[in-house]
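Asker: Please find data.cif (mmCIF, C-alpha atoms) on the next line:
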data_my_file
loop_
_atom_site.label_atom_id
_atom_site.label_comp_id
_atom_site.auth_asym_id
_atom_site.auth_seq_id
_atom_site.Cartn_x
_atom_site.Cartn_y
_atom_site.Cartn_z
CA MET A 18 110.06 103.99 52.53
CA VAL A 19 113.26 104.21 54.62
CA ILE A 20 113.54 107.93 53.84
CA ASN A 21 110.02 108.47 55.19
CA TRP A 22 111.15 107.06 58.54
CA ILE A 23 114.46 108.94 58.62
CA PHE A 24 112.77 112.36 58.59
CA PRO A 25 110.58 111.97 61.72
CA ILE A 26 113.36 110.13 63.57
CA PHE A 27 115.79 112.98 62.83
CA ILE A 28 113.23 115.62 63.84
CA GLY A 29 112.44 113.59 66.96
CA TRP A 30 116.12 113.43 67.92
CA LEU A 31 116.47 117.21 67.57
CA THR A 32 113.22 117.77 69.49
CA GLY A 33 114.34 115.48 72.29
CA TRP A 34 117.66 117.29 72.48
CA LEU A 35 115.87 120.65 72.72
CA VAL A 36 113.50 119.39 75.44
CA ASN A 37 116.45 118.02 77.42
CA TYR A 38 118.36 121.28 77.03
CA LEU A 39 115.44 123.46 78.16
CA SER A 40 114.69 121.10 81.04
CA ASP A 41 118.32 121.34 82.16
CA ILE A 42 118.84 125.10 82.03
CA LEU A 43 115.46 126.78 82.63
CA PRO A 44 115.06 125.66 86.28
CA ILE A 45 118.56 127.03 86.99
CA THR A 46 118.93 130.22 84.93
CA ARG A 47 115.36 130.94 83.71
CA ARG A 48 116.83 131.85 80.31
CA PHE A 49 118.73 130.41 77.36
CA SER A 50 122.25 129.83 78.66
CA LYS A 51 125.23 127.56 78.35
CA PRO A 52 124.43 124.05 79.61
CA VAL A 53 126.11 122.90 82.81
CA CYS A 54 126.50 119.56 84.53
CA LEU A 55 123.64 119.08 86.97
CA SER A 56 125.95 117.13 89.30
CA CYS A 57 128.87 119.54 89.64
CA GLY A 58 127.93 122.73 87.77
CA GLU A 59 130.82 122.46 85.30
CA ASN A 60 130.17 123.94 81.85
CA TYR A 61 129.77 121.52 78.96
CA THR A 62 131.46 122.09 75.66
CA LEU A 63 128.91 122.32 72.88
CA LYS A 64 130.29 119.17 71.28
CA ASP A 65 130.11 117.13 74.50
CA TYR A 66 126.57 118.31 75.22
CA LEU A 67 125.34 117.60 71.71
CA LEU A 68 126.85 114.11 71.79
CA PHE A 69 125.62 113.38 75.34
CA ARG A 70 129.14 112.88 76.65
CA PRO A 71 130.10 113.15 80.35
CA CYS A 72 131.01 116.56 81.74
CA PRO A 73 134.71 117.56 82.08
CA ASN A 74 134.67 116.07 85.61
CA GLY A 75 133.41 112.73 84.33
CA HIS A 76 129.78 112.87 85.47
CA LYS A 77 127.57 110.95 83.05
CA ARG A 78 124.27 112.27 81.77
CA SER A 79 121.21 111.07 83.65
CA TYR A 80 118.91 108.28 82.46
CA ARG A 81 116.25 110.95 81.94
CA VAL A 82 118.17 112.24 78.93
CA TRP A 83 118.02 108.92 77.12
CA ILE A 84 114.45 108.15 78.17
CA THR A 85 113.38 111.57 76.86
CA GLN A 86 115.16 111.02 73.56
CA ALA A 87 113.52 107.61 73.08
CA VAL A 88 110.01 108.69 74.08
CA ILE A 89 110.04 111.86 71.98
CA ILE A 90 111.38 110.06 68.92
CA ALA A 91 108.57 107.52 69.26
CA LEU A 92 105.98 110.29 69.71
CA THR A 93 107.40 112.23 66.76
CA VAL A 94 107.02 109.21 64.49
CA TYR A 95 103.46 108.74 65.75
CA ILE A 96 102.61 112.44 65.20
CA TYR A 97 104.15 112.25 61.73
CA LEU A 98 101.87 109.32 60.87
CA ASN A 99 98.86 110.73 62.76
CA PRO A 100 99.14 114.54 62.74
CA PRO A 101 96.69 116.34 65.07
CA SER A 102 94.73 118.01 62.28
CA LYS A 103 92.31 119.64 64.72
CA TYR A 104 95.23 121.45 66.34
CA GLY A 105 97.12 122.63 63.30
CA GLY A 106 98.82 119.52 61.97
CA TYR A 107 102.30 118.09 62.30
CA TRP A 108 104.46 121.13 63.05
CA ILE A 109 102.04 122.65 65.53
CA GLY A 110 101.82 119.23 67.14
CA MET A 111 105.60 119.22 67.47
CA LEU A 112 105.60 122.71 68.97
CA LEU A 113 103.12 121.54 71.59
CA LEU A 114 105.22 118.44 72.20
CA ILE A 115 108.20 120.63 73.12
CA TYR A 116 106.09 122.65 75.56
CA PHE A 117 104.49 119.53 77.04
CA GLY A 118 107.86 117.82 77.40
CA VAL A 119 109.57 120.70 79.19
CA VAL A 120 106.68 121.26 81.62
CA PHE A 121 106.43 117.51 82.31
CA ILE A 122 110.14 117.06 83.10
CA VAL A 123 110.66 120.28 85.07
CA ASP A 124 107.64 119.64 87.29
CA MET A 125 108.57 116.00 87.76
CA GLU A 126 112.15 116.80 88.76
CA HIS A 127 111.80 120.17 90.52
CA ARG A 128 108.13 120.43 91.50
CA LEU A 129 107.98 123.72 89.55
CA ILE A 130 105.71 125.23 86.94
CA LEU A 131 108.00 127.96 85.65
CA HIS A 132 106.64 131.44 84.94
CA GLU A 133 108.72 131.51 81.76
CA THR A 134 107.11 128.39 80.31
CA SER A 135 103.68 129.59 81.50
CA ILE A 136 104.00 132.90 79.65
CA VAL A 137 105.13 131.26 76.43
CA GLY A 138 102.60 128.45 76.85
CA SER A 139 99.67 130.84 77.35
CA ILE A 140 100.50 132.72 74.14
CA VAL A 141 100.96 129.53 72.11
CA THR A 142 97.86 127.77 73.44
CA LEU A 143 95.64 130.85 73.03
CA LEU A 144 96.71 131.19 69.39
CA ILE A 145 96.25 127.50 68.63
CA GLY A 146 93.01 127.28 70.61
CA SER A 147 91.59 130.34 68.87
CA ILE A 148 92.33 128.86 65.46
CA SER A 149 90.99 125.44 66.44
CA HIS A 150 87.88 126.37 68.44
CA GLY A 151 87.46 130.12 68.15
CA PHE A 152 88.75 132.92 70.36
CA VAL A 153 85.77 132.98 72.75
CA ASN A 154 85.72 129.19 73.13
CA SER A 155 89.44 129.24 73.90
CA LEU A 156 89.06 131.96 76.53
CA LEU A 157 86.15 130.10 78.11
CA GLY A 158 88.27 126.96 78.20
CA GLY A 159 90.91 128.84 80.15
CA LEU A 160 88.29 130.34 82.46
CA PHE A 161 86.62 126.98 83.12
CA GLY A 162 90.02 125.41 83.78
CA LEU A 163 90.82 128.19 86.24
CA LEU A 164 87.52 127.83 88.10
CA ILE A 165 87.74 124.03 88.28
CA MET A 166 91.27 124.18 89.62
CA LEU A 167 90.47 126.88 92.16
CA VAL A 168 87.96 124.48 93.71
CA PHE A 169 90.62 121.75 93.84
CA TYR A 170 93.21 124.24 95.09
CA PHE A 171 91.18 125.42 98.08
CA PHE A 172 90.24 121.83 98.89
CA GLY A 173 93.98 121.08 98.75
CA VAL A 174 94.65 123.90 101.23
CA LEU A 175 92.27 122.24 103.69
CA PHE A 176 93.91 118.87 103.09
CA THR A 177 97.35 120.42 103.64
CA LYS A 178 96.24 121.62 107.08
CA PHE A 179 94.91 118.14 107.86
CA ARG A 180 98.18 116.63 106.63
CA ALA A 181 100.28 118.96 108.79
CA LYS A 182 98.27 118.00 111.88
CA ARG A 183 98.50 114.32 110.97
CA LEU A 184 102.28 114.52 110.60
CA GLN A 185 102.57 116.23 113.96
CA ASP A 186 100.41 113.54 115.55
CA LEU A 187 102.78 110.94 114.10
CA GLY A 188 105.73 112.75 115.63
CA ASN A 189 107.05 114.15 112.35
CA GLU A 190 107.87 117.74 111.54
CA ALA A 191 105.12 119.43 109.53
CA ASP A 192 105.91 121.34 106.34
CA ASP A 193 104.10 123.79 104.10
CA GLU A 194 104.02 121.56 100.98
CA GLU A 195 100.77 121.93 99.06
CA ALA A 196 98.66 119.17 97.53
CA LEU A 197 98.12 121.40 94.48
CA GLY A 198 100.22 124.49 93.91
CA GLN A 199 99.34 127.74 92.22
CA GLY A 200 101.43 126.56 89.28
CA ASP A 201 99.01 123.68 88.73
CA VAL A 202 96.11 126.15 88.62
CA ILE A 203 97.98 128.25 86.05
CA LEU A 204 98.90 125.16 84.01
CA VAL A 205 95.31 123.91 83.71
CA THR A 206 94.19 127.43 82.76
CA ILE A 207 96.77 127.42 79.96
CA LEU A 208 95.77 123.93 78.81
CA GLY A 209 92.13 125.01 78.88
CA LEU A 210 92.98 127.74 76.37
CA LEU A 211 94.23 125.01 74.05
CA ILE A 212 91.43 122.45 74.23
CA GLY A 213 88.47 124.79 74.78
CA LYS A 214 85.50 124.85 77.13
CA ASP A 215 83.90 121.59 75.97
CA LEU A 216 86.81 119.33 76.91
CA VAL A 217 88.62 121.00 79.81
CA TRP A 218 86.52 119.16 82.39
CA PHE A 219 87.24 115.84 80.69
CA MET A 220 90.97 116.62 80.69
CA VAL A 221 90.88 117.28 84.45
CA ILE A 222 89.01 114.02 85.09
CA ILE A 223 91.37 111.79 83.11
CA SER A 224 94.37 113.61 84.60
CA VAL A 225 93.10 112.88 88.10
CA LEU A 226 92.61 109.25 87.05
CA PHE A 227 96.21 109.11 85.80
CA GLY A 228 97.36 110.49 89.15
CA GLY A 229 95.22 108.01 91.08
CA ILE A 230 96.54 105.05 89.09
CA PHE A 231 100.14 106.13 89.64
CA SER A 232 99.55 106.65 93.37
CA LEU A 233 97.98 103.20 93.63
CA LEU A 234 100.92 101.63 91.83
CA MET A 235 103.32 103.51 94.12
CA VAL A 236 101.57 102.22 97.23
CA VAL A 237 101.52 98.66 95.84
CA GLY A 238 105.24 98.95 95.11
CA LEU A 239 105.94 100.15 98.65
CA ILE A 240 103.93 97.25 100.08
CA ILE A 241 105.74 94.71 97.89
CA ASN A 242 109.11 96.16 98.96
CA ARG A 243 107.93 96.31 102.58
CA ARG A 244 108.53 100.03 102.73
CA TYR A 245 104.93 101.09 103.24
CA SER A 246 104.13 103.08 106.38
CA SER A 247 101.36 105.30 107.67
CA ASN A 248 103.30 108.26 106.22
CA ALA A 249 103.09 106.95 102.66
CA LEU A 250 99.78 108.64 101.85
CA MET A 251 101.04 111.90 103.34
CA VAL A 252 103.54 112.42 100.51
CA PHE A 253 102.44 114.64 97.63
CA THR A 254 103.50 114.12 94.05
CA ALA A 255 103.84 116.60 91.19
CA TYR A 256 100.50 116.84 89.41
CA GLY A 257 101.59 118.85 86.36
CA PRO A 258 102.72 115.73 84.46
CA TYR A 259 99.26 114.19 84.80
CA PHE A 260 97.59 117.30 83.37
CA ILE A 261 100.07 117.14 80.49
CA LEU A 262 99.22 113.46 79.95
CA GLY A 263 95.49 114.20 80.02
CA THR A 264 95.83 117.01 77.49
CA SER A 265 98.12 114.91 75.28
CA MET A 266 95.46 112.22 75.12
CA ILE A 267 93.00 114.79 73.75
CA VAL A 268 95.44 116.38 71.29
CA TYR A 269 97.32 113.34 69.97
CA PHE A 270 94.92 110.42 70.56
CA PRO A 271 91.47 111.74 69.57
CA GLU A 272 90.26 108.22 68.75
CA VAL A 273 90.40 107.44 72.47
CA LEU A 274 88.34 110.57 73.13
CA ARG A 275 85.77 109.59 70.50
CA ALA A 276 85.46 106.15 72.09
CA LEU A 277 84.70 107.66 75.48
CA LEU A 278 82.64 110.73 74.57
CA PRO A 279 79.96 111.47 71.94
CA VAL A 280 81.96 114.28 70.33
CA ASN A 281 83.05 115.05 66.81
#
Rewrite the structure of this file - the entire thing - as structure tokens.

Answerer:
Amino acid sequence: MVINWIFPIFIGWLTGWLVNYLSDILPITRRFSKPVCLSCGENYTLKDYLLFRPCPNGHKRSYRVWITQAVIIALTVYIYLNPPSKYGGYWIGMLLLIYFGVVFIVDMEHRLILHETSIVGSIVTLLIGSISHGFVNSLLGGLFGLLIMLVFYFFGVLFTKFRAKRLQDLGNEADDEEALGQGDVILVTILGLLIGKDLVWFMVIISVLFGGIFSLLMVVGLIINRRYSSNALMVFTAYGPYFILGTSMIVYFPEVLRALLPVN
């Protein structure tokens, strides 16, 4: 029984390490490269990086590293016990977990959907989606995701113009930050390839709900800490993580989907 738990925990630790590594280096170099300290740019030795030790200048690893390790180990154990059979089983589920994890962290920390992860992600999701739902269904899922997000994107452009005017009226300098970026449109297209045409709309809806709940909690937190101002609602947040959460619910927690929708 203990051996059965050791395997997914070990795989989860390696997966978490890989997600942390890719999240550290891809936003900086856009390729596989030697890891560096995000605080000072000093190169890590392989041993220090593998063991999560401070860099040569003494800068400790961020809390994100340990949170990622813990969350991915927990998810790996869950996937081991409940493999996503509709999407290829345990190992395919782990491959998707790596992609989801890197996109989630990079967008959360850098507000970026990297072209490199998008290219790899589109190939992986098209292959998995074609096997799971059929090639045409997968392509239609991507197309529907693209069309849905284009509507949101152009609405976001209008809101950005309203936001810029509002900031100017409040005496603040306007910026060109977008409510939804082109990367978000690309990401939902890629995720649509994975889950197919029948569920892409549901993924967008629950992702928007995740974003709304987080925004509400953020505003409540600001009010409690007496830091709320009229500018609070003018701040955009990265939306890629919510699309990842919405898709993860469909892939890894199908029982929730079955409880909400009359699908097989």

Asker: The PyMOL selection byres ((chain A and resi 27) around 12) on the file shown: which residues, as a compact mmCIF listing (two decimals) with C-alpha atoms, in the frame of the given file?

Answerer:
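As written to disk, part-v4.txt reads:
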# COMPACT_ATOMS: atom_id res chain seq x y z
CA ILE A 20 113.54 107.93 53.84
CA ASN A 21 110.02 108.47 55.19
CA TRP A 22 111.15 107.06 58.54
CA ILE A 23 114.46 108.94 58.62
CA PHE A 24 112.77 112.36 58.59
CA PRO A 25 110.58 111.97 61.72
CA ILE A 26 113.36 110.13 63.57
CA ILE A 28 113.23 115.62 63.84
CA GLY A 29 112.44 113.59 66.96
CA TRP A 30 116.12 113.43 67.92
CA LEU A 31 116.47 117.21 67.57
CA THR A 32 113.22 117.77 69.49
CA GLY A 33 114.34 115.48 72.29
CA TRP A 34 117.66 117.29 72.48
CA GLN A 86 115.16 111.02 73.56
CA ALA A 87 113.52 107.61 73.08
CA ILE A 89 110.04 111.86 71.98
CA ILE A 90 111.38 110.06 68.92
CA ALA A 91 108.57 107.52 69.26
CA THR A 93 107.40 112.23 66.76
CA VAL A 94 107.02 109.21 64.49
CA TYR A 97 104.15 112.25 61.73

Asker: Selection in question (the file shown): the PyMOL selection byres ((chain A and resi 53) around 10). Which residues does it include, as an MDAnalysis selection string?

Answerer: chainID A and resid 38 41:42 45 50:52 54:62 66 72

Asker: Can you list, as an MDAnalysis selection string, every protein, DNA or RNA residue that comes within 10 Å of range 148-153 of chain A when you count only C-alpha atoms, leaving out same-chain residues fewer than 2 positions away?

Answerer: chainID A and resid 102:105 142:146 155:159 210:215

Asker: Provide the CA of Gly162 in chain A to CA of Pro258 in chain A distance in Å, to one decimal place.

Answerer: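 One can read the CA of Gly162 in chain A to CA of Pro258 in chain A distance as 16.0 Å.
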
Asker: Measure the distance from CA of Leu262 in chain A to CA of Ile230 in chain A in Å and round it to one decimal.

Answerer: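 Going from CA of Leu262 in chain A over to CA of Ile230 in chain A covers 12.7 Å.
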
Asker: Taking a cut-off of 10 Å and counting all atoms listed in the file, can you build a table that, for each residue of range 48-112 of chain A near range 116-126 of chain A, reports the nearest atom pair and how far apart they are in Å (one decimal), sorted by chain then residue number, as JSON lines?

Answerer:
{"residue": "A:Arg81", "atom": "CA", "partner": "A:Ile122", "partner_atom": "CA", "distance": 8.7}
{"residue": "A:Thr85", "atom": "CA", "partner": "A:Gly118", "partner_atom": "CA", "distance": 8.4}
{"residue": "A:Val88", "atom": "CA", "partner": "A:Gly118", "partner_atom": "CA", "distance": 9.9}
{"residue": "A:Ile89", "atom": "CA", "partner": "A:Gly118", "partner_atom": "CA", "distance": 8.3}
{"residue": "A:Met111", "atom": "CA", "partner": "A:Tyr116", "partner_atom": "CA", "distance": 8.8}
{"residue": "A:Leu112", "atom": "CA", "partner": "A:Tyr116", "partner_atom": "CA", "distance": 6.6}

Asker: Would you mind exporting C-alpha atoms of the selected residues as an mmCIF file, in the frame of the given file?

Answerer:
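Output contents, as saved in out.cif:
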data_model
loop_
_atom_site.group_PDB
_atom_site.id
_atom_site.type_symbol
_atom_site.label_atom_id
_atom_site.label_comp_id
_atom_site.auth_asym_id
_atom_site.auth_seq_id
_atom_site.Cartn_x
_atom_site.Cartn_y
_atom_site.Cartn_z
ATOM 1 C CA ARG A 81 116.250 110.950 81.940
ATOM 2 C CA THR A 85 113.380 111.570 76.860
ATOM 3 C CA VAL A 88 110.010 108.690 74.080
ATOM 4 C CA ILE A 89 110.040 111.860 71.980
ATOM 5 C CA MET A 111 105.600 119.220 67.470
ATOM 6 C CA LEU A 112 105.600 122.710 68.970
#

Asker: How far is it from CA of Gly209 in chain A to CA of Ser147 in chain A, in Å with one decimal?

Answerer: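 So the two atoms, CA of Gly209 in chain A and CA of Ser147 in chain A, lie 11.4 Å apart.
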